[in-house]
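Trainee: This one is data_30.txt, compact mmCIF, C-alpha atoms.
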# COMPACT_ATOMS: atom_id res chain seq x y z
CA GLY T 1 17.62 26.83 10.31
CA ALA T 2 17.77 30.60 10.45
CA VAL T 3 17.84 32.53 7.18
CA VAL T 4 20.34 35.19 6.22
CA SER T 5 19.99 37.14 3.00
CA GLN T 6 22.40 39.31 1.06
CA HIS T 7 21.82 41.97 -1.54
CA PRO T 8 22.89 42.26 -4.24
CA SER T 9 23.86 38.72 -5.23
CA TRP T 10 26.32 40.09 -7.75
CA VAL T 11 27.58 43.52 -8.75
CA ILE T 12 29.92 44.89 -11.39
CA CYS T 13 31.39 48.34 -10.88
CA LYS T 14 34.05 50.61 -12.28
CA SER T 15 37.34 51.14 -10.52
CA GLY T 16 37.15 54.00 -8.04
CA THR T 17 33.48 53.68 -7.23
CA SER T 18 31.93 52.49 -3.97
CA VAL T 19 29.71 49.47 -3.55
CA LYS T 20 27.35 48.69 -0.67
CA ILE T 21 26.40 45.14 0.26
CA GLU T 22 23.53 44.41 2.64
CA CYS T 23 23.22 41.47 5.00
CA ARG T 24 19.92 40.75 6.71
CA SER T 25 18.82 38.19 9.26
CA LEU T 26 15.28 37.38 8.16
CA ASP T 27 13.75 35.47 11.04
CA PHE T 28 15.93 36.26 14.00
CA GLN T 29 17.77 39.13 15.60
CA ALA T 30 21.52 39.28 15.29
CA THR T 31 23.53 41.48 17.59
CA THR T 32 26.66 40.27 15.86
CA MET T 33 27.28 39.64 12.20
CA PHE T 34 30.48 38.67 10.46
CA TRP T 35 31.89 39.53 7.05
CA TYR T 36 34.07 37.12 5.09
CA ARG T 37 35.87 37.32 1.78
CA GLN T 38 36.65 34.41 -0.51
CA PHE T 39 38.99 34.55 -3.48
CA PRO T 40 38.77 31.91 -6.24
CA LYS T 41 39.84 28.44 -5.16
CA GLN T 42 40.52 29.66 -1.63
CA SER T 43 38.73 29.30 1.66
CA LEU T 44 36.71 31.94 3.47
CA MET T 45 38.69 34.56 5.34
CA LEU T 46 37.14 36.56 8.15
CA MET T 47 37.32 40.29 7.47
CA ALA T 48 35.46 41.87 10.35
CA THR T 49 32.97 41.47 13.14
CA SER T 50 29.97 43.77 13.04
CA ASN T 51 28.30 44.63 16.34
CA GLU T 52 24.93 46.33 16.50
CA GLY T 53 25.26 49.85 17.81
CA SER T 54 29.05 49.89 18.04
CA LYS T 55 32.12 50.00 15.86
CA ALA T 56 33.14 46.99 13.88
CA THR T 57 36.24 44.99 14.73
CA TYR T 58 38.55 44.32 11.81
CA GLU T 59 40.94 41.42 11.31
CA GLN T 60 44.62 42.15 10.88
CA GLY T 61 45.41 43.37 7.40
CA VAL T 62 41.87 44.54 6.60
CA GLU T 63 41.65 48.29 5.98
CA LYS T 64 38.81 49.71 8.04
CA ASP T 65 38.68 52.88 5.98
CA LYS T 66 38.25 50.89 2.81
CA PHE T 67 35.70 48.40 4.08
CA LEU T 68 33.11 50.41 5.98
CA ILE T 69 30.72 48.42 8.14
CA ASN T 70 27.48 49.69 9.61
CA HIS T 71 25.22 47.63 11.87
CA ALA T 72 22.38 50.01 12.55
CA SER T 73 19.72 47.48 13.52
CA LEU T 74 19.43 43.97 14.91
CA THR T 75 18.64 42.58 11.48
CA LEU T 76 20.84 44.57 9.10
CA SER T 77 24.55 45.02 8.58
CA THR T 78 26.08 46.72 5.55
CA LEU T 79 29.56 46.49 4.06
CA THR T 80 30.67 49.32 1.81
CA VAL T 81 33.72 48.79 -0.35
CA THR T 82 35.03 52.30 -0.94
CA SER T 83 37.07 53.29 -3.96
CA ALA T 84 36.98 49.75 -5.24
CA HIS T 85 39.84 48.42 -7.36
CA PRO T 86 40.17 45.22 -9.39
CA GLU T 87 42.01 43.50 -6.54
CA ASP T 88 38.87 43.92 -4.42
CA SER T 89 37.01 41.63 -6.80
CA SER T 90 35.93 38.72 -4.65
CA PHE T 91 33.03 36.77 -3.16
CA TYR T 92 31.80 38.55 -0.02
CA ILE T 93 29.80 36.51 2.48
CA CYS T 94 28.15 37.53 5.72
CA SER T 95 27.04 35.39 8.63
CA ALA T 96 24.94 35.99 11.70
CA ARG T 97 24.66 34.11 14.95
CA ASP T 98 21.24 33.04 16.16
CA LEU T 99 20.88 33.80 19.84
CA SER T 100 17.12 33.32 20.01
CA PRO T 101 15.90 31.58 23.16
CA LEU T 102 13.89 29.28 20.95
CA SER T 103 17.03 27.96 19.30
CA SER T 104 17.08 24.21 19.47
CA THR T 105 20.71 24.14 20.51
CA SER T 106 22.38 25.43 23.63
CA VAL T 107 25.30 26.75 21.65
CA VAL T 108 25.43 29.44 19.04
CA THR T 109 25.24 28.46 15.42
CA GLN T 110 26.31 30.84 12.70
CA TYR T 111 24.24 31.01 9.56
CA PHE T 112 25.60 32.32 6.31
CA GLY T 113 24.16 34.45 3.56
CA PRO T 114 24.29 33.35 -0.08
CA GLY T 115 27.19 35.68 -0.85
CA THR T 116 27.76 38.67 -3.13
CA ARG T 117 30.04 38.41 -6.15
CA LEU T 118 31.86 41.71 -6.67
CA THR T 119 33.68 42.37 -9.92
CA VAL T 120 35.60 45.62 -10.25
CA LEU T 121 36.54 46.60 -13.79
CA ASP W 1 40.28 27.69 17.74
CA ALA W 2 41.89 24.30 17.33
CA LYS W 3 43.35 23.48 13.94
CA THR W 4 41.55 20.85 11.90
CA THR W 5 42.93 18.65 9.15
CA GLN W 6 40.87 17.19 6.32
CA PRO W 7 41.74 15.34 3.12
CA PRO W 8 41.65 17.76 0.17
CA SER W 9 39.28 15.68 -1.90
CA MET W 10 37.16 12.53 -1.89
CA ASP W 11 34.97 10.69 -4.34
CA CYS W 12 31.82 8.78 -3.49
CA ALA W 13 29.31 6.91 -5.62
CA GLU W 14 25.78 8.20 -5.73
CA GLY W 15 23.53 6.35 -3.29
CA ARG W 16 26.41 5.25 -1.11
CA ALA W 17 27.33 6.63 2.29
CA ALA W 18 29.95 9.37 2.20
CA ASN W 19 32.27 9.35 5.18
CA LEU W 20 34.31 12.51 5.61
CA PRO W 21 37.09 12.41 8.21
CA CYS W 22 38.48 15.29 10.23
CA ASN W 23 41.39 15.40 12.65
CA HIS W 24 41.35 17.89 15.50
CA SER W 25 43.96 16.54 17.88
CA THR W 26 44.41 19.84 19.74
CA ILE W 27 40.74 20.51 20.35
CA SER W 28 39.93 22.05 23.72
CA GLY W 29 37.40 20.65 26.13
CA ASN W 30 34.97 23.48 25.48
CA GLU W 31 35.22 23.40 21.68
CA TYR W 32 32.51 21.90 19.56
CA VAL W 33 33.05 20.29 16.18
CA TYR W 34 31.01 22.05 13.51
CA TRP W 35 30.49 20.94 9.94
CA TYR W 36 29.52 23.27 7.12
CA ARG W 37 29.45 22.73 3.40
CA GLN W 38 29.76 25.12 0.50
CA ILE W 39 28.27 24.37 -2.84
CA HIS W 40 29.98 26.21 -5.67
CA SER W 41 29.34 29.99 -5.62
CA GLN W 42 27.06 29.83 -2.59
CA GLY W 43 27.44 30.70 1.08
CA PRO W 44 28.35 27.93 3.54
CA GLN W 45 25.47 25.81 4.80
CA TYR W 46 25.36 24.60 8.39
CA ILE W 47 25.15 20.80 8.63
CA ILE W 48 25.65 19.62 12.17
CA HIS W 49 27.72 20.09 15.31
CA GLY W 50 28.64 18.07 18.38
CA LEU W 51 30.70 18.11 21.55
CA LYS W 52 31.22 14.55 22.79
CA ASN W 53 28.27 12.45 21.78
CA ASN W 54 27.40 11.31 18.31
CA GLU W 55 24.76 13.44 16.68
CA THR W 56 22.26 12.89 13.89
CA ASN W 57 19.91 15.19 12.08
CA GLU W 58 18.02 15.15 8.81
CA MET W 59 21.14 15.95 6.84
CA ALA W 60 23.90 13.87 8.35
CA SER W 61 25.42 12.02 11.27
CA LEU W 62 28.46 13.09 13.22
CA ILE W 63 30.66 10.52 14.91
CA ILE W 64 33.20 11.87 17.41
CA THR W 65 35.88 9.60 18.82
CA GLU W 66 35.99 9.10 22.55
CA ASP W 67 39.24 11.07 22.87
CA ARG W 68 37.67 13.81 20.67
CA LYS W 69 40.76 14.00 18.51
CA SER W 70 38.91 13.15 15.34
CA SER W 71 35.44 12.95 13.90
CA THR W 72 33.60 11.68 10.85
CA LEU W 73 30.71 13.27 9.03
CA ILE W 74 28.44 10.72 7.41
CA LEU W 75 26.06 11.49 4.58
CA PRO W 76 24.03 8.26 4.55
CA HIS W 77 22.82 8.26 0.96
CA ALA W 78 24.85 10.69 -1.09
CA THR W 79 23.24 12.39 -4.08
CA LEU W 80 24.77 14.49 -6.83
CA ARG W 81 23.57 17.60 -4.97
CA ASP W 82 25.90 16.71 -2.10
CA THR W 83 28.90 17.60 -4.25
CA ALA W 84 30.49 20.47 -2.32
CA VAL W 85 33.43 21.53 -0.17
CA TYR W 86 32.91 20.31 3.39
CA TYR W 87 34.49 22.22 6.26
CA CYS W 88 35.19 20.82 9.71
CA ILE W 89 35.62 23.58 12.29
CA ALA W 90 36.45 23.48 15.99
CA ASP W 91 34.83 26.36 17.82
CA SER W 92 33.75 27.17 21.35
CA GLY W 93 30.24 27.91 20.15
CA GLY W 94 30.03 31.18 22.01
CA GLY W 95 29.44 33.07 18.79
CA ALA W 96 31.56 36.04 19.75
CA ASP W 97 34.14 35.35 17.07
CA GLY W 98 33.95 34.48 13.43
CA LEU W 99 34.67 30.97 12.31
CA THR W 100 38.09 29.89 11.07
CA PHE W 101 37.79 27.97 7.84
CA GLY W 102 40.48 25.58 6.66
CA LYS W 103 40.70 24.27 3.13
CA GLY W 104 38.02 21.64 3.62
CA THR W 105 37.34 18.48 1.65
CA HIS W 106 36.02 18.68 -1.87
CA LEU W 107 33.53 15.83 -2.02
CA ILE W 108 32.59 14.73 -5.51
CA ILE W 109 29.60 12.44 -5.87
CA GLN W 110 29.94 10.27 -8.94
CA PRO W 111 26.83 9.11 -10.83
Now that the file is in, can you turn its structure into structure tokens?
Mentor:
Amino acid sequence: GAVVSQHPSWVICKSGTSVKIECRSLDFQATTMFWYRQFPKQSLMLMATSNEGSKATYEQGVEKDKFLINHASLTLSTLTVTSAHPEDSSFYICSARDLSPLSSTSVVTQYFGPGTRLTVL
Amino acid sequence: DAKTTQPPSMDCAEGRAANLPCNHSTISGNEYVYWYRQIHSQGPQYIIHGLKNNETNEMASLIITEDRKSSTLILPHATLRDTAVYYCIADSGGGADGLTFGKGTHLIIQP
């Protein structure tokens, strides 16, 4: 399957600082990437849809000014948590859909990154 | 996306087949059944998907009932590394939207 990477895998920061998380599709191009958040013992919740070359679409209740998304290329999307606070501590996961014509399936499969553990002190 | 219902947890002995059920009684005709799993502190891993027919790959088999209202994921020879939360998701497969994750089934493989 397609490979999606995230960097960093974990980060600890002080309250009030900003943190940038990168999501890369390593062996395919992704015009659309998705960002999820997962709190302990809970399921993944979609935060936003990142489209290459255009503005991201945010889910209801997600502050777009706090979670800045940039999708400048077909293989890279970044999520910046601005002015982070302890309640932003969470597991952030990105996914990308493989639309390559060589895909073995006729439908789109989303592949997920390994996640980034953010701890805000 | 259609809602899916899964048991919260299941146990299975190592080496045995693990059969994970999923109900999706409101699934639409154009929605596929996807299965992902999430090992602790990792991102979800794609397992398999299907529309109507049963599917098999190197990881698992997917059995979909004829009325498509339920399905079963089968791990033929479970190992300790298969311990994870398994998510059954109904999605159109178009890829325009993110996936909607339910609570999944926590499968525990017992030695």
Trainee: Which residues of chain T have any atom within 10 Å of an atom in chain W when counting all atoms listed in the file, and what is the closest pair of atoms for each, with the distance in Å to one decimal? Order the rows by chain and rising number and write it as a tab-separated table.
Mentor:
residue	atom	partner	partner_atom	distance
T:Gly1	CA	W:Tyr46	CA	8.3
T:Ala2	CA	W:Tyr46	CA	9.9
T:Val4	CA	W:Gly43	CA	9.8
T:Gln6	CA	W:Gly43	CA	10.0
T:Ser9	CA	W:Gln42	CA	9.8
T:Thr31	CA	W:Ala96	CA	9.9
T:Thr32	CA	W:Ala96	CA	7.6
T:Met33	CA	W:Gly98	CA	8.5
T:Phe34	CA	W:Gly98	CA	6.2
T:Trp35	CA	W:Gly98	CA	8.4
T:Tyr36	CA	W:Gly98	CA	8.7
T:Gln38	CA	W:Ser41	CA	10.0
T:Pro40	CA	W:Ser41	CA	9.6
T:Lys41	CA	W:Lys103	CA	9.3
T:Gln42	CA	W:Lys103	CA	7.2
T:Ser43	CA	W:Lys103	CA	5.6
T:Leu44	CA	W:Phe101	CA	6.0
T:Met45	CA	W:Phe101	CA	7.1
T:Leu46	CA	W:Gly98	CA	6.5
T:Met47	CA	W:Gly98	CA	9.0
T:Ala48	CA	W:Gly98	CA	8.1
T:Thr49	CA	W:Gly98	CA	7.1
T:Asn51	CA	W:Ala96	CA	9.8
T:Phe91	CA	W:Ser41	CA	8.1
T:Tyr92	CA	W:Gly43	CA	9.0
T:Ile93	CA	W:Gly43	CA	6.4
T:Cys94	CA	W:Gly43	CA	8.3
T:Ser95	CA	W:Gly98	CA	8.5
T:Ala96	CA	W:Gly95	CA	8.9
T:Arg97	CA	W:Gly95	CA	6.2
T:Asp98	CA	W:Gly95	CA	8.6
T:Leu99	CA	W:Gly95	CA	8.7
T:Thr105	CA	W:His49	CA	9.6
T:Ser106	CA	W:Gly93	CA	8.9
T:Val107	CA	W:Gly93	CA	5.3
T:Val108	CA	W:Gly93	CA	5.2
T:Thr109	CA	W:Gly93	CA	6.9
T:Gln110	CA	W:Gly95	CA	7.2
T:Tyr111	CA	W:Tyr46	CA	6.6
T:Phe112	CA	W:Gly43	CA	5.8
T:Gly113	CA	W:Gly43	CA	5.6
T:Pro114	CA	W:Gly43	CA	4.3
T:Gly115	CA	W:Gly43	CA	5.3
T:Thr116	CA	W:Gln42	CA	8.9
T:Arg117	CA	W:Ser41	CA	8.5
Trainee: Mind giving me the straight-line distance from atom CA of Asn70 of chain T to atom CA of Ser18 of chain T in Å, one decimal?
Mentor: 14.6 Å
Trainee: Please produce, as JSON lines, a per-residue contact table for segment 37-66 of chain T versus segment 72-80 of chain T (criterion: any atom at most 8 Å away, only C-alpha atoms considered), showing the nearest atom pair and its distance in Å to one decimal, sorted by chain then residue number.
Mentor:
{"residue": "T:Ser50", "atom": "CA", "partner": "T:Ser77", "partner_atom": "CA", "distance": 7.1}
{"residue": "T:Glu52", "atom": "CA", "partner": "T:Ala72", "partner_atom": "CA", "distance": 6.0}
{"residue": "T:Gly53", "atom": "CA", "partner": "T:Ala72", "partner_atom": "CA", "distance": 6.0}
{"residue": "T:Lys66", "atom": "CA", "partner": "T:Thr80", "partner_atom": "CA", "distance": 7.8}
Trainee: Using all atoms listed in the file, which protein or nucleic acid residues come within 8 Å of segment 53-70 of chain W? Drop anything in the same chain fewer than 4 positions from it, and give the result as a list in words.
Mentor: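 Selected residues are Pro21, Cys22, Asn23, His24, Ser25, Thr26, Ile27, Ile47, Ile48, His49, Ile74, Leu75 and Pro76 of chain W.
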Trainee: Please provide the set of residues having any atom within 6 Å of Ser15 of chain T, restricted to all atoms listed in the file, with same-chain residues fewer than 5 positions apart removed, written as a compact mmCIF listing (two decimals) with C-alpha atoms, in the frame of the given file.
Mentor:
# COMPACT_ATOMS: atom_id res chain seq x y z
CA ALA T 84 36.98 49.75 -5.24
CA HIS T 85 39.84 48.42 -7.36
CA VAL T 120 35.60 45.62 -10.25
CA LEU T 121 36.54 46.60 -13.79
Trainee: Grab the atom CA of Asp1 of chain W to atom CA of Tyr86 of chain W distance for me, in Å with one decimal place.
Mentor: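 Rounded to one decimal, the two atoms are 17.7 Å apart.
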Trainee: Atom CA of Ile39 of chain W and atom CA of Val62 of chain T, how far apart in Å?
Mentor: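 Between atom CA of Val62 of chain T and atom CA of Ile39 of chain W the gap is 26.1 Å.
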Trainee: Using all atoms listed in the file, find the one residue out of T:Thr82, T:Gly61, T:Glu87, T:Ser5 that sits nearest to Val19 of chain T.
Mentor: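 Between T:Thr82, T:Gly61, T:Glu87, T:Ser5, the residue approaching Val19 of chain T most closely is T:Thr82.
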Trainee: Go through T:Ile69, T:Pro8, T:Ser54, T:Val3 and flag the residue nearest Ser25 of chain T, using all atoms listed in the file for the distances.
Mentor: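 For Ser25 of chain T, the nearest of the given residues is T:Val3.
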Trainee: Quick one: residues within 8 Å of His106 of chain W, only C-alpha atoms counted, chain neighbours fewer than 5 positions away excluded, as a PyMOL selection string?
Mentor: chain W and resi 8-10+83-86
Trainee: Complete segment 77-104 of chain W at the level of N, CA and C atoms, written as a compact mmCIF listing (two decimals), in the frame of the given file.
Mentor:
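File rebuild-v4.txt, as written:
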# COMPACT_ATOMS: atom_id res chain seq x y z
N HIS W 77 23.15 8.63 2.34
CA HIS W 77 22.82 8.26 0.96
C HIS W 77 23.14 9.44 0.06
N ALA W 78 24.38 9.51 -0.36
CA ALA W 78 24.85 10.69 -1.09
C ALA W 78 24.13 10.84 -2.44
N THR W 79 23.81 12.08 -2.77
CA THR W 79 23.24 12.39 -4.08
C THR W 79 24.18 13.38 -4.78
N LEU W 80 23.91 13.58 -6.05
CA LEU W 80 24.77 14.49 -6.83
C LEU W 80 24.77 15.89 -6.22
N ARG W 81 23.66 16.27 -5.58
CA ARG W 81 23.57 17.60 -4.97
C ARG W 81 24.44 17.75 -3.73
N ASP W 82 24.99 16.65 -3.26
CA ASP W 82 25.90 16.71 -2.10
C ASP W 82 27.31 17.07 -2.52
N THR W 83 27.57 17.17 -3.80
CA THR W 83 28.90 17.60 -4.25
C THR W 83 29.16 19.01 -3.75
N ALA W 84 30.22 19.18 -2.96
CA ALA W 84 30.49 20.47 -2.32
C ALA W 84 31.83 20.39 -1.60
N VAL W 85 32.27 21.52 -1.07
CA VAL W 85 33.43 21.53 -0.17
C VAL W 85 32.89 21.48 1.25
N TYR W 86 33.37 20.52 2.02
CA TYR W 86 32.91 20.31 3.39
C TYR W 86 33.98 20.79 4.36
N TYR W 87 33.57 21.64 5.30
CA TYR W 87 34.49 22.22 6.26
C TYR W 87 34.20 21.69 7.65
N CYS W 88 35.25 21.26 8.32
CA CYS W 88 35.19 20.82 9.71
C CYS W 88 35.84 21.93 10.53
N ILE W 89 35.13 22.44 11.52
CA ILE W 89 35.62 23.58 12.29
C ILE W 89 35.46 23.30 13.77
N ALA W 90 36.52 23.57 14.54
CA ALA W 90 36.45 23.48 15.99
C ALA W 90 36.23 24.87 16.54
N ASP W 91 35.17 25.03 17.32
CA ASP W 91 34.83 26.36 17.82
C ASP W 91 34.14 26.23 19.17
N SER W 92 34.33 27.23 20.01
CA SER W 92 33.75 27.17 21.35
C SER W 92 32.24 27.31 21.34
N GLY W 93 31.69 27.81 20.24
CA GLY W 93 30.24 27.91 20.15
C GLY W 93 29.66 29.13 20.83
N GLY W 94 30.52 29.99 21.34
CA GLY W 94 30.03 31.18 22.01
C GLY W 94 29.50 32.22 21.06
N GLY W 95 29.97 32.16 19.80
CA GLY W 95 29.44 33.07 18.79
C GLY W 95 30.03 34.45 18.81
N ALA W 96 31.00 34.70 19.68
CA ALA W 96 31.56 36.04 19.75
C ALA W 96 32.55 36.29 18.62
N ASP W 97 33.13 35.23 18.11
CA ASP W 97 34.14 35.35 17.07
C ASP W 97 33.66 34.68 15.79
N GLY W 98 34.24 35.14 14.68
CA GLY W 98 33.95 34.48 13.43
C GLY W 98 34.58 33.10 13.39
N LEU W 99 34.14 32.31 12.44
CA LEU W 99 34.67 30.97 12.31
C LEU W 99 35.95 30.96 11.48
N THR W 100 36.84 30.05 11.82
CA THR W 100 38.09 29.89 11.07
C THR W 100 37.95 28.71 10.13
N PHE W 101 37.95 29.01 8.85
CA PHE W 101 37.79 27.97 7.84
C PHE W 101 39.15 27.49 7.35
N GLY W 102 39.31 26.17 7.31
CA GLY W 102 40.48 25.58 6.66
C GLY W 102 40.18 25.39 5.19
N LYS W 103 40.89 24.48 4.56
CA LYS W 103 40.70 24.27 3.13
C LYS W 103 39.56 23.31 2.83
N GLY W 104 39.15 22.53 3.82
CA GLY W 104 38.02 21.64 3.62
C GLY W 104 38.31 20.46 2.73
